[in-house]
Every structure is written in C-alpha cells, then in structure tokens.
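What follows is the content of start-v2.csv, which has CSV, C-alpha atoms:
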```csv
chain,number,residue,atom,x,y,z
A,1,MET,CA,-33.3,15.6,-10.1
A,2,GLY,CA,-33.8,11.8,-9.9
A,3,ALA,CA,-31.3,8.9,-9.9
A,4,SER,CA,-31.8,8.3,-13.6
A,5,ASP,CA,-31.0,11.9,-14.4
A,6,LEU,CA,-27.8,11.7,-12.4
A,7,GLN,CA,-26.7,8.6,-14.4
A,8,LYS,CA,-26.8,10.6,-17.6
A,9,LEU,CA,-24.4,13.3,-16.3
A,10,SER,CA,-20.7,13.3,-17.0
A,11,ARG,CA,-18.1,13.0,-14.3
A,12,GLU,CA,-17.3,16.7,-14.5
A,13,GLU,CA,-20.9,17.6,-14.1
A,14,LEU,CA,-21.3,15.4,-11.1
A,15,ILE,CA,-18.2,16.9,-9.5
A,16,ALA,CA,-19.6,20.4,-10.1
A,17,ILE,CA,-22.9,19.4,-8.4
A,18,ILE,CA,-21.1,18.0,-5.4
A,19,LEU,CA,-19.0,21.1,-5.0
A,20,ARG,CA,-22.0,23.3,-5.3
A,21,LEU,CA,-23.9,21.3,-2.7
A,22,GLN,CA,-20.9,21.4,-0.4
A,23,GLU,CA,-20.6,25.1,-0.7
A,24,GLU,CA,-24.4,25.4,-0.1
A,25,ASN,CA,-24.0,23.3,3.0
A,26,ARG,CA,-21.1,25.4,4.3
A,27,ARG,CA,-23.1,28.6,3.7
A,28,ILE,CA,-26.2,27.2,5.6
A,29,LEU,CA,-24.0,26.1,8.5
A,30,ALA,CA,-22.4,29.6,8.6
A,31,LEU,CA,-25.7,31.3,8.6
A,32,LEU,CA,-27.0,29.0,11.4
A,33,GLU,CA,-23.9,29.8,13.5
A,34,GLU,CA,-24.3,33.5,12.8
A,35,ALA,CA,-28.0,33.4,13.7
A,36,ARG,CA,-27.2,31.7,17.0
A,37,ARG,CA,-24.5,34.2,17.9
A,38,ALA,CA,-26.6,37.2,16.8
A,39,GLY,CA,-29.4,35.9,19.0
A,40,LYS,CA,-27.0,35.8,22.0
A,41,ARG,CA,-25.7,39.3,21.2
A,42,GLN,CA,-29.0,41.0,20.8
A,43,ALA,CA,-30.8,39.3,23.7
A,44,SER,CA,-32.5,41.5,26.3
A,45,PRO,CA,-30.2,42.1,29.3
A,46,PHE,CA,-32.9,40.6,31.5
A,47,SER,CA,-33.6,37.5,29.2
A,48,LYS,CA,-32.6,34.2,30.6
A,49,GLY,CA,-33.6,32.1,27.6
A,50,PRO,CA,-36.0,29.1,27.5
A,51,PRO,CA,-36.7,27.1,30.7
A,52,LYS,CA,-34.4,24.2,31.5
A,53,ALA,CA,-35.7,20.7,30.6
A,54,HIS,CA,-34.7,19.4,34.1
A,55,PRO,CA,-34.5,22.3,36.5
A,56,LYS,CA,-33.2,21.8,40.0
A,57,ARG,CA,-35.7,21.7,42.8
A,58,PRO,CA,-36.4,25.2,44.2
A,59,GLY,CA,-35.7,26.2,47.8
A,60,ARG,CA,-33.0,25.3,50.3
A,61,LYS,CA,-31.0,22.1,50.0
A,62,SER,CA,-31.5,19.5,52.7
A,63,GLY,CA,-28.8,18.0,54.8
A,64,GLU,CA,-26.3,19.1,57.5
A,65,ALA,CA,-23.8,20.3,54.9
A,66,HIS,CA,-26.1,23.2,54.0
A,67,GLY,CA,-26.7,24.6,57.5
A,68,PRO,CA,-29.7,24.8,59.7
A,69,SER,CA,-33.1,26.1,58.5
A,70,HIS,CA,-33.3,29.9,58.8
A,71,PHE,CA,-35.6,31.6,61.3
A,72,ARG,CA,-36.1,35.3,61.6
A,73,PRO,CA,-34.3,36.4,64.8
A,74,PRO,CA,-36.3,38.4,67.4
A,75,PRO,CA,-36.0,42.2,66.9
A,76,ALA,CA,-33.4,44.0,69.0
A,77,VAL,CA,-35.9,46.8,69.8
A,78,ILE,CA,-39.6,46.4,70.7
A,79,ASP,CA,-41.8,49.3,69.7
A,80,GLU,CA,-45.2,47.9,70.6
A,81,GLU,CA,-46.4,45.1,72.9
A,82,LEU,CA,-49.8,43.4,72.4
A,83,ASP,CA,-51.5,40.7,74.5
A,84,ALA,CA,-53.3,37.6,73.2
A,85,PRO,CA,-55.4,36.4,76.1
A,86,LEU,CA,-57.0,33.0,76.4
A,87,PRO,CA,-60.5,32.5,75.2
A,88,SER,CA,-63.3,32.4,77.8
A,89,GLY,CA,-63.9,28.8,77.0
A,90,CYS,CA,-62.4,25.8,75.3
A,91,PRO,CA,-63.1,26.1,71.5
A,92,ASP,CA,-63.9,22.3,71.4
A,93,CYS,CA,-66.1,21.6,74.4
A,94,GLY,CA,-66.7,25.0,76.0
A,95,GLY,CA,-65.0,24.0,79.3
A,96,VAL,CA,-63.0,26.4,81.5
A,97,VAL,CA,-59.4,27.0,80.4
A,98,GLU,CA,-56.6,27.2,83.0
A,99,GLU,CA,-53.6,29.4,82.1
A,100,GLU,CA,-50.2,27.6,82.3
A,101,GLY,CA,-47.8,30.3,81.1
A,102,VAL,CA,-47.1,33.0,78.6
A,103,GLN,CA,-44.8,32.8,75.5
A,104,ASP,CA,-43.5,35.5,73.2
A,105,GLN,CA,-44.1,35.8,69.5
A,106,PHE,CA,-42.5,38.6,67.4
A,107,GLN,CA,-43.5,40.6,64.4
A,108,THR,CA,-41.7,43.1,62.2
A,109,GLU,CA,-44.4,45.1,60.6
A,110,VAL,CA,-44.4,47.8,57.9
A,111,VAL,CA,-46.3,50.8,59.1
A,112,PRO,CA,-48.9,52.0,56.6
A,113,ALA,CA,-47.5,55.0,54.8
A,114,ARG,CA,-49.3,58.3,55.3
A,115,PRO,CA,-48.3,61.1,52.9
A,116,LEU,CA,-46.7,64.1,54.6
A,117,ARG,CA,-47.7,67.2,52.8
A,118,ARG,CA,-45.3,70.2,53.4
A,119,ARG,CA,-45.6,73.8,52.5
A,120,ILE,CA,-42.2,75.5,52.4
A,121,ARG,CA,-42.3,79.3,52.7
A,122,VAL,CA,-39.6,80.4,50.3
A,123,HIS,CA,-38.5,83.9,51.0
A,124,VAL,CA,-37.7,85.9,47.9
A,125,GLY,CA,-35.6,89.1,47.8
A,126,ARG,CA,-33.3,91.2,45.7
A,127,CYS,CA,-29.8,92.4,46.2
A,128,ARG,CA,-29.5,96.1,46.8
A,129,GLY,CA,-26.2,96.3,45.1
A,130,CYS,CA,-26.6,94.3,41.8
A,131,ARG,CA,-30.3,93.9,41.9
A,132,ARG,CA,-30.0,90.2,41.4
A,133,ARG,CA,-33.1,88.1,42.5
A,134,VAL,CA,-32.3,85.9,45.5
A,135,GLN,CA,-34.5,83.2,47.2
A,136,GLY,CA,-34.1,81.1,50.2
A,137,ARG,CA,-33.4,77.4,50.2
A,138,HIS,CA,-34.5,74.7,52.7
A,139,PRO,CA,-32.5,71.3,52.8
A,140,PHE,CA,-35.8,69.4,52.1
A,141,GLN,CA,-36.3,71.2,48.8
A,142,THR,CA,-35.8,69.1,45.7
A,143,SER,CA,-36.1,72.0,43.3
A,144,ASP,CA,-36.1,75.8,43.3
A,145,ALA,CA,-39.1,76.0,41.0
A,146,LEU,CA,-42.0,78.2,42.1
A,147,GLY,CA,-45.3,79.3,40.6
A,148,ALA,CA,-47.0,76.7,38.5
A,149,ALA,CA,-44.2,74.2,39.1
A,150,ALA,CA,-44.1,74.7,42.9
A,151,SER,CA,-45.8,71.3,43.8
A,152,GLN,CA,-43.1,68.6,43.9
A,153,LEU,CA,-42.2,65.3,45.4
A,154,GLY,CA,-40.0,65.4,48.5
A,155,PRO,CA,-36.5,63.9,48.9
A,156,HIS,CA,-37.7,60.6,50.4
A,157,ALA,CA,-40.4,60.1,47.8
A,158,LEU,CA,-37.8,60.8,45.0
A,159,SER,CA,-35.5,58.2,46.7
A,160,VAL,CA,-38.2,55.6,46.5
A,161,ALA,CA,-39.0,56.4,42.9
A,162,THR,CA,-35.3,56.3,42.0
A,163,PHE,CA,-34.9,52.9,43.7
A,164,LEU,CA,-38.0,51.5,41.9
A,165,ARG,CA,-36.8,52.7,38.5
A,166,GLY,CA,-33.1,52.1,38.8
A,167,GLU,CA,-32.8,49.1,41.0
A,168,THR,CA,-35.9,47.0,40.1
A,169,GLY,CA,-36.4,48.3,36.5
A,170,ALA,CA,-40.0,49.3,37.1
A,171,SER,CA,-41.6,51.4,34.4
A,172,PHE,CA,-42.9,54.9,35.1
A,173,GLY,CA,-46.5,53.5,35.0
A,174,LYS,CA,-45.7,50.9,37.6
A,175,VAL,CA,-44.0,53.5,39.9
A,176,GLN,CA,-47.1,55.7,39.4
A,177,ARG,CA,-49.4,52.9,40.5
A,178,PHE,CA,-47.1,52.0,43.4
A,179,PHE,CA,-47.3,55.5,44.8
A,180,LEU,CA,-51.1,55.6,44.5
A,181,LYS,CA,-51.7,52.1,46.0
A,182,VAL,CA,-49.1,52.2,48.8
A,183,PHE,CA,-48.8,55.9,49.7
A,184,GLY,CA,-52.1,57.2,48.4
A,185,VAL,CA,-50.1,59.8,46.5
A,186,GLU,CA,-51.0,60.8,42.9
A,187,VAL,CA,-48.1,61.4,40.6
A,188,SER,CA,-47.8,61.8,36.9
A,189,ARG,CA,-45.3,59.9,34.7
A,190,GLY,CA,-44.0,63.2,33.5
A,191,GLY,CA,-43.5,64.5,37.0
A,192,LEU,CA,-41.6,61.3,37.9
A,193,ALA,CA,-39.4,61.7,34.9
A,194,LEU,CA,-38.6,65.3,35.8
A,195,GLY,CA,-37.9,64.4,39.4
A,196,LEU,CA,-35.5,61.6,38.4
A,197,GLN,CA,-33.7,64.0,36.1
A,198,ARG,CA,-33.1,66.3,39.1
A,199,VAL,CA,-31.8,63.3,41.1
A,200,ALA,CA,-29.5,62.5,38.2
A,201,ARG,CA,-28.1,66.0,38.2
A,202,LYS,CA,-27.6,65.8,41.9
A,203,ALA,CA,-25.7,62.5,41.4
A,204,GLU,CA,-23.5,63.7,38.7
A,205,PRO,CA,-20.5,64.6,41.0
A,206,THR,CA,-20.7,61.1,42.5
A,207,TYR,CA,-20.9,59.5,39.1
A,208,GLU,CA,-17.9,61.5,38.0
A,209,SER,CA,-15.9,60.3,41.0
A,210,LEU,CA,-16.8,56.7,40.1
A,211,LEU,CA,-15.6,57.3,36.6
A,212,GLU,CA,-12.3,58.6,37.9
A,213,ALA,CA,-11.9,55.5,40.1
A,214,VAL,CA,-12.5,53.2,37.1
A,215,ARG,CA,-10.1,55.2,34.9
A,216,ARG,CA,-7.3,55.0,37.6
A,217,SER,CA,-7.9,51.2,38.2
A,218,PRO,CA,-5.1,48.9,37.1
A,219,ALA,CA,-7.7,46.4,35.7
A,220,VAL,CA,-11.1,46.9,34.2
A,221,TYR,CA,-13.6,44.5,32.7
A,222,ALA,CA,-15.9,46.0,30.0
A,223,ASP,CA,-19.0,44.7,28.2
A,224,GLU,CA,-22.0,46.0,26.3
A,225,THR,CA,-25.5,44.7,25.6
A,226,GLY,CA,-28.6,45.8,23.8
A,227,ALA,CA,-31.0,48.0,25.8
A,228,ARG,CA,-33.9,50.0,24.4
A,229,MET,CA,-34.3,53.7,25.3
A,230,SER,CA,-37.6,55.3,24.5
A,231,GLY,CA,-38.5,52.5,22.2
A,232,ARG,CA,-35.2,52.8,20.2
A,233,PRO,CA,-32.3,50.4,20.2
A,234,TRP,CA,-29.5,51.7,22.4
A,235,TRP,CA,-26.5,50.0,24.2
A,236,LEU,CA,-26.0,49.5,27.9
A,237,TRP,CA,-22.2,49.6,28.7
A,238,VAL,CA,-20.7,48.4,31.9
A,239,PHE,CA,-17.1,49.0,33.2
A,240,THR,CA,-16.3,47.2,36.4
A,241,THR,CA,-13.3,46.9,38.7
A,242,PRO,CA,-12.9,44.8,41.9
A,243,ASP,CA,-14.5,47.6,43.9
A,244,THR,CA,-16.3,50.0,41.4
A,245,THR,CA,-18.9,49.5,38.7
A,246,VAL,CA,-20.2,52.2,36.3
A,247,TYR,CA,-22.9,52.0,33.7
A,248,ALA,CA,-23.4,54.1,30.6
A,249,GLN,CA,-26.4,53.9,28.3
A,250,ARG,CA,-25.6,55.2,24.9
A,251,PRO,CA,-26.9,55.0,21.3
A,252,SER,CA,-23.5,54.0,20.1
A,253,ARG,CA,-21.6,50.7,20.3
A,254,GLY,CA,-18.5,52.3,19.0
A,255,PHE,CA,-15.1,53.3,20.3
A,256,ASP,CA,-16.4,56.7,21.2
A,257,VAL,CA,-18.0,55.3,24.4
A,258,ILE,CA,-14.8,53.5,25.5
A,259,GLU,CA,-12.9,56.8,24.8
A,260,GLU,CA,-15.4,58.7,26.9
A,261,ILE,CA,-15.4,56.4,29.9
A,262,LEU,CA,-11.8,55.1,30.0
A,263,GLY,CA,-9.9,57.4,27.6
A,264,ALA,CA,-8.2,56.4,24.4
A,265,ASP,CA,-4.8,56.1,26.1
A,266,PHE,CA,-5.9,53.7,28.9
A,267,ASP,CA,-2.8,51.6,29.7
A,268,GLY,CA,-4.1,49.2,32.3
A,269,LYS,CA,-5.4,45.7,32.0
A,270,ILE,CA,-8.8,45.3,30.3
A,271,GLY,CA,-10.9,42.2,30.0
A,272,HIS,CA,-13.5,42.0,27.3
A,273,ASP,CA,-15.0,39.7,24.7
A,274,GLY,CA,-13.9,39.5,21.1
A,275,TYR,CA,-15.7,42.7,19.9
A,276,ALA,CA,-13.1,44.4,17.6
A,277,VAL,CA,-13.7,47.9,18.9
A,278,TYR,CA,-11.7,47.1,22.1
A,279,ASP,CA,-8.6,46.4,20.0
A,280,ARG,CA,-8.3,50.1,19.5
A,281,LEU,CA,-7.0,50.5,23.0
A,282,LEU,CA,-3.4,50.1,21.8
A,283,ARG,CA,-1.7,50.9,25.1
A,284,ALA,CA,-3.8,48.5,27.2
A,285,ILE,CA,-3.0,44.9,28.2
A,286,HIS,CA,-5.9,42.8,26.9
A,287,GLN,CA,-7.5,39.6,28.3
A,288,GLN,CA,-10.1,37.9,26.2
A,289,CYS,CA,-13.1,36.7,28.1
A,290,LEU,CA,-12.9,32.9,28.4
A,291,GLN,CA,-16.6,32.3,29.0
A,292,HIS,CA,-17.4,33.5,25.5
A,293,PRO,CA,-15.4,30.9,23.6
A,294,LEU,CA,-16.7,28.2,26.0
A,295,ALA,CA,-20.3,29.2,25.3
A,296,ARG,CA,-19.5,29.3,21.5
A,297,ILE,CA,-18.0,25.8,21.7
A,298,LYS,CA,-21.1,24.5,23.4
A,299,GLU,CA,-23.3,25.8,20.7
A,300,MET,CA,-21.0,24.6,17.9
A,301,LEU,CA,-20.9,21.1,19.3
A,302,GLN,CA,-24.6,20.8,18.9
A,303,VAL,CA,-24.4,21.1,15.1
A,304,ALA,CA,-20.8,20.2,14.2
A,305,PRO,CA,-20.3,16.9,12.4
A,306,ARG,CA,-18.5,14.2,14.3
A,307,GLY,CA,-15.1,14.7,12.6
A,308,ALA,CA,-15.1,18.4,13.5
A,309,ARG,CA,-15.7,18.0,17.2
A,310,ALA,CA,-12.2,17.0,18.2
A,311,PHE,CA,-10.8,20.5,17.6
A,312,LEU,CA,-13.6,22.1,19.6
A,313,LYS,CA,-13.1,19.7,22.5
A,314,ALA,CA,-9.3,20.3,22.4
A,315,VAL,CA,-9.9,24.1,22.7
A,316,LYS,CA,-12.3,23.5,25.5
A,317,ARG,CA,-9.7,21.4,27.4
A,318,PHE,CA,-7.0,24.0,26.8
A,319,ILE,CA,-9.2,26.8,28.4
A,320,GLN,CA,-10.3,24.6,31.3
A,321,ASP,CA,-6.7,23.6,32.0
A,322,ALA,CA,-5.7,27.2,32.1
A,323,LEU,CA,-8.4,28.1,34.6
A,324,ASP,CA,-7.5,25.0,36.7
A,325,LEU,CA,-3.8,26.2,36.7
A,326,ARG,CA,-5.0,29.6,38.0
A,327,ASP,CA,-7.0,28.0,40.8
A,328,ARG,CA,-4.2,25.8,41.9
A,329,TYR,CA,-1.7,28.7,41.9
A,330,LEU,CA,-4.1,30.8,44.0
A,331,ALA,CA,-4.6,27.9,46.4
A,332,GLY,CA,-0.8,27.7,46.9
A,333,GLU,CA,-0.5,24.3,45.2
A,334,VAL,CA,1.8,25.7,42.4
A,335,SER,CA,4.8,27.9,42.9
A,336,LYS,CA,5.7,30.9,40.7
A,337,HIS,CA,8.3,28.8,38.9
A,338,GLY,CA,5.7,26.0,38.4
A,339,LEU,CA,3.2,28.5,37.1
A,340,ALA,CA,5.7,29.9,34.5
A,341,VAL,CA,6.6,26.3,33.3
A,342,ALA,CA,2.9,25.3,33.1
A,343,ARG,CA,2.1,28.5,31.3
A,344,GLY,CA,4.8,27.8,28.7
A,345,ARG,CA,3.3,24.4,28.1
A,346,LEU,CA,-0.1,25.9,27.6
A,347,GLY,CA,1.4,28.3,25.1
A,348,TRP,CA,2.8,25.4,23.1
A,349,ARG,CA,-0.6,23.7,23.1
A,350,GLN,CA,-2.2,27.0,22.0
A,351,ASP,CA,0.3,27.2,19.1
A,352,GLU,CA,-0.6,23.7,18.0
A,353,LEU,CA,-4.3,24.4,18.1
A,354,LEU,CA,-3.9,27.6,16.0
A,355,SER,CA,-1.7,25.9,13.4
A,356,LYS,CA,-4.0,22.9,12.7
A,357,GLY,CA,-5.3,22.5,9.2
A,358,LEU,CA,-9.1,22.5,9.4
A,359,ARG,CA,-11.8,21.7,6.8
A,360,TYR,CA,-15.0,22.5,8.6
A,361,GLY,CA,-16.0,26.1,7.9
A,362,PRO,CA,-17.2,27.2,11.3
A,363,ASN,CA,-14.1,25.7,12.9
A,364,LYS,CA,-11.9,27.7,10.6
A,365,THR,CA,-13.8,30.9,11.4
A,366,PHE,CA,-13.4,30.1,15.2
A,367,GLN,CA,-9.7,29.3,14.8
A,368,LYS,CA,-9.2,32.6,12.9
A,369,HIS,CA,-10.8,34.4,15.9
A,370,LEU,CA,-8.5,32.6,18.3
A,371,ARG,CA,-5.5,33.3,16.2
A,372,LYS,CA,-6.4,37.0,15.9
A,373,HIS,CA,-6.2,37.3,19.7
A,374,HIS,CA,-3.5,34.7,20.4
A,375,ASN,CA,-1.6,36.9,22.8
A,376,GLU,CA,-4.8,37.8,24.9
A,377,TRP,CA,-6.0,34.4,26.1
A,378,LEU,CA,-3.5,33.7,28.9
A,379,THR,CA,-2.8,37.2,30.2
A,380,PHE,CA,-4.4,36.3,33.6
A,381,LEU,CA,-1.6,33.7,34.1
```
Could you write out this structure as structure tokens?
Amino acid sequence: MGASDLQKLSREELIAIILRLQEENRRILALLEEARRAGKRQASPFSKGPPKAHPKRPGRKSGEAHGPSHFRPPPAVIDEELDAPLPSGCPDCGGVVEEEGVQDQFQTEVVPARPLRRRIRVHVGRCRGCRRRVQGRHPFQTSDALGAAASQLGPHALSVATFLRGETGASFGKVQRFFLKVFGVEVSRGGLALGLQRVARKAEPTYESLLEAVRRSPAVYADETGARMSGRPWWLWVFTTPDTTVYAQRPSRGFDVIEEILGADFDGKIGHDGYAVYDRLLRAIHQQCLQHPLARIKEMLQVAPRGARAFLKAVKRFIQDALDLRDRYLAGEVSKHGLAVARGRLGWRQDELLSKGLRYGPNKTFQKHLRKHHNEWLTFL
C-alpha cells in the first residue's frame, strides 16, 4: 500500500491498520523470543554454541600472580634405567669428545598393551538332594554364560570400555576401534553392549545407595536436558547435592521422573529452573535458578526496544545485588541481623518490579514468570 492509498483512508481505518501492525510486531517478537529459548532448551548437552568473536588466548597466563610454569616431577619409583653414552666423535668436526659428567632425564612411559587370554575351567555339578545344577565361579569371571557365549571380555577390559563409553562419551564403534588399535583385541559392538549391561547390573546396588543419599539430602539441585537414545529424543536428568550426583536417562520429561528419583513427598530444599513440573513438589522449599533469568535478560536486551530495557536492567541489578549480599554474608562482612534487613529491602524492590505496569509484550511475559515464582527467588538468603 503506497502513501497515496493511505491518504484516502479514514481515521478509523488507519487506526485499525496501526493496531494490526502493532499486534503483528508483538507476535513476531514473541516468536523470536520463543525460538531463542527453545534453541537453548533443546541444545545438545555437549554443545557450546558458536565460537566467541574475541576469545581469550589459550594456555597458561603469564606473570607472577599465576604461579610458576609447571614441570613434571621425577617419578618416585624407577622401574628401568637406560644409558645414553656420548658419541665416538664430535657431530660437527669429528674430534674426540671428553666426558664432563652425567645428568638424569626421566620418562613415564605407557607399556604397550598385550592381551592376556584366559581359560577358566568352570566346574559343573548337580546337587544330590534337589538335583539343582550348580557351577563354580572365579572372581575374574564377568558372566556365568557357557557354551556359545563362553568367550567374553575380562573385568579390566570391561572397566576400560565402561570408562570410554561413560566418561568420554565415545561411541561403541570408537571403543571397538580403540580395543583393536591399542590392545589388538577384536570386539563387536553387540558384545560391548552386552558387557556394559552386565556392568550396569553389577553397579545397581551402588546406584541405589547414591539415590538414597540424594533423597535424604536436605538440599538438591535438579535439571534436565535433551539427549538422544538409540536415535530417539530422550531426556538426561541430573540430581546433585554437595557430595553426590546421580543421572537418569529417561524418555519422559514429566513429574514421573522426579517422583521416581526424589519421591513425590520430598520436603527438602530444591533448586531448579522455571520448568513447571517442579512446582508439583508441594512439600519442598523451592529456589529458582538465578542463572536462567540472567541469561534470558541478556538475550532479551539484544532485541528489546530502548524503552523496554530499563525493566530488564532493573531485574538484573536486583539479582546481582542478591548474590552480592550472599557473598558478603559468607565472607563475614554482614551480620545475621544485617542480612535480614538487607533481604527485606530486596523483597521491597522485588515487589516494585513485579507490580510495574509494562507495555512491551516479552517483558510482560517475563514479569509474569517472575511473579509466578515470587517466593522462590530469595530462598538462598
């Protein structure tokens, strides 16, 4: 529509066009914010995003404040001694070289792995009373299977495979190639999977004890992120305390996982993000994660119009002042009475922020989220 066409319209028609364009603008901004947030939520747990425009220099910082350069200390135990004699002549002119002394150099070497192939003679018998079949068991056995499934990986080999899969995230194919290249041992992906399932069954009592420790803890932090399982979208949950962390990979992102790990009647303190499913822990004392709103504010400031930035900056200052108060209290700079007074003032500031009349749509949505959890932002104080 050109300028001449606009001149022909009535005042009411122009107002209708302006209102429609404003609504369209709000809708597009809301979609943009949702797309940004969705991208953050669904990111791979190992994704770090695009490279920084001006990254810091890699390596150790220079200067006395950062300590001396690190050198590997000599090993406490020497397993092998080698001699590096002088050459018969000078490498430059061929002249006779006179020895002036001997100095030590140290190495810590990795011994090339040589597969150890065992045969375990499993004795098989039958009870004379109940006729039950019974077989012997050696501590080195990783399975009781015999016959066609009698050839297996030993406990140390399974430990290495478990470390590569669980700690480094290597795929079964990469673990397979590692065993062949480093150990000279051929393994199948299916055999590795079955072996790790046996390790998991062995570790179940330990996992259950860790779960009990988390359930008994007075404070737990919980989070979940997308993680694929056999090519399908699953969720990796984490529940951590000051001394224990447990993971649970589940197809669900619902309350059923929280109920399974913590119990529906968990009554300790729990820190989490704004995901609504945590609100169903009715007996718990909640603390909202402060990093999430700070990250959300940073994203919103990139697209918010100038007039809408003041509210976002005020919320950011409120959160930073709360964290600063915590740090000063822990450093002994603020007394318990001073902490209570300062916390009360922060509460007044919070009420003012949550009662502000806002026009910018994304700010109103953000304020609604802050208001919904208004009693859960300052729990840590």
Study note, to complete from the structure: One residue among A:Leu153, A:Phe239, A:Ala84, A:Tyr221 is nearest to A:Leu194 when using all atoms listed in the file, and that residue is A:Leu153
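Note that the spacing between atom CA of A:His156 and atom CA of A:Gly169 amounts to 18.6 Å.
Between atom CA of A:Glu376 and atom CA of A:His286 the separation is 5.5 Å.
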Exercise for review: Work out how far apart atom CA of A:Tyr278 and atom CA of A:Ala222 are and give it in Å to one decimal.
Suggested key: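 Interatomic distance here is 9.0 Å.
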Point to revise | Residue list as a list in words for point (-14.7, 59.9, 37.0), cut-off 12 Å, all atoms listed in the file | key: Glu204, Pro205, Thr206, Tyr207, Glu208, Ser209, Leu210, Leu211, Glu212, Ala213, Val214, Arg215, Arg216, Ser217, Phe239, Thr244, Thr245, Val246, Tyr247, Glu260, Ile261, Leu262 and Gly263 of chain A
Exercise for review: For each of A:Leu353, A:Leu281, A:Ala219, A:Val334, take the minimum atom-to-atom distance to A:Phe311, counting all atoms listed in the file, then give the residue where this is smallest.
Suggested key: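 With all atoms listed in the file as the atom set, the closest residue is A:Leu353.
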Check your understanding: Quick one: residues within 9 Å of A:Gln105, all atoms listed in the file counted, chain neighbours fewer than 2 positions away excluded, as number ranges by chain?
Key -> A: 74, 103, 107
Review point. Which neighbours of A:Ala76 fall inside 12 Å, counting only C-alpha atoms, when residues of the same chain fewer than 3 positions from it are skipped, and could you give them as a ChimeraX atom specification?
Key: /A:72-73,79,106-108
Selected residues written out with C-alpha atoms, as a PDB file, in the coordinates of the input:
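Written out: result_32.pdb:
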```pdb
ATOM      1  CA  ARG A  72     -36.100  35.300  61.600  1.00  0.00           C
ATOM      2  CA  PRO A  73     -34.300  36.400  64.800  1.00  0.00           C
ATOM      3  CA  ASP A  79     -41.800  49.300  69.700  1.00  0.00           C
ATOM      4  CA  PHE A 106     -42.500  38.600  67.400  1.00  0.00           C
ATOM      5  CA  GLN A 107     -43.500  40.600  64.400  1.00  0.00           C
ATOM      6  CA  THR A 108     -41.700  43.100  62.200  1.00  0.00           C
TER       7      THR A 108
END
```
Exercise for review: Would you kindly return, as JSON, numbers by chain, each protein, DNA or RNA residue with an atom no farther than 10 Å from any atom of A:Arg114, considering all atoms listed in the file and excluding same-chain residues fewer than 2 positions away?
Suggested key: {"A": [111, 112, 116, 117, 182, 183, 184, 185]}
Check your understanding: Near A:Ser188, within 9 Å and counting all atoms listed in the file, which residues show up once chain neighbours fewer than 5 positions away are dropped, as a PyMOL selection string?
Key -> chain A and resi 172-173+176+193
Exercise for review: Choose the residue, out of A:Asp104, A:Lys364, A:Asp321, A:Arg131, that has the smallest atom-to-atom separation from A:Asp83; count all atoms listed in the file.
Suggested key: A:Asp104
Study note, to complete from the structure: Judged by only C-alpha atoms, the minimum distance to A:Gly271 among A:Gln197, A:Thr240, A:Ser252, A:Gln22 is found for A:Thr240
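Of the residues listed (A:Gly344, A:Gly147, A:Gly154, A:Gly274), A:Gly274 shows the shortest atom-to-atom separation from A:Leu290; distances use all atoms listed in the file.
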Revision key, fill the gap. Of A:Val238, A:Ala276, A:Val257, A:Leu346, the one nearest to A:His369 when counting all atoms listed in the file is A:Ala276
Review point. Residues at most 12 Å from A:Gly166, counting all atoms listed in the file, excluding those fewer than 6 positions away in the same chain, as a list in words?
Key: Leu158, Ser159, Val160, Phe172, Val175, Leu196, Val199, Ala200 and Tyr247 of chain A
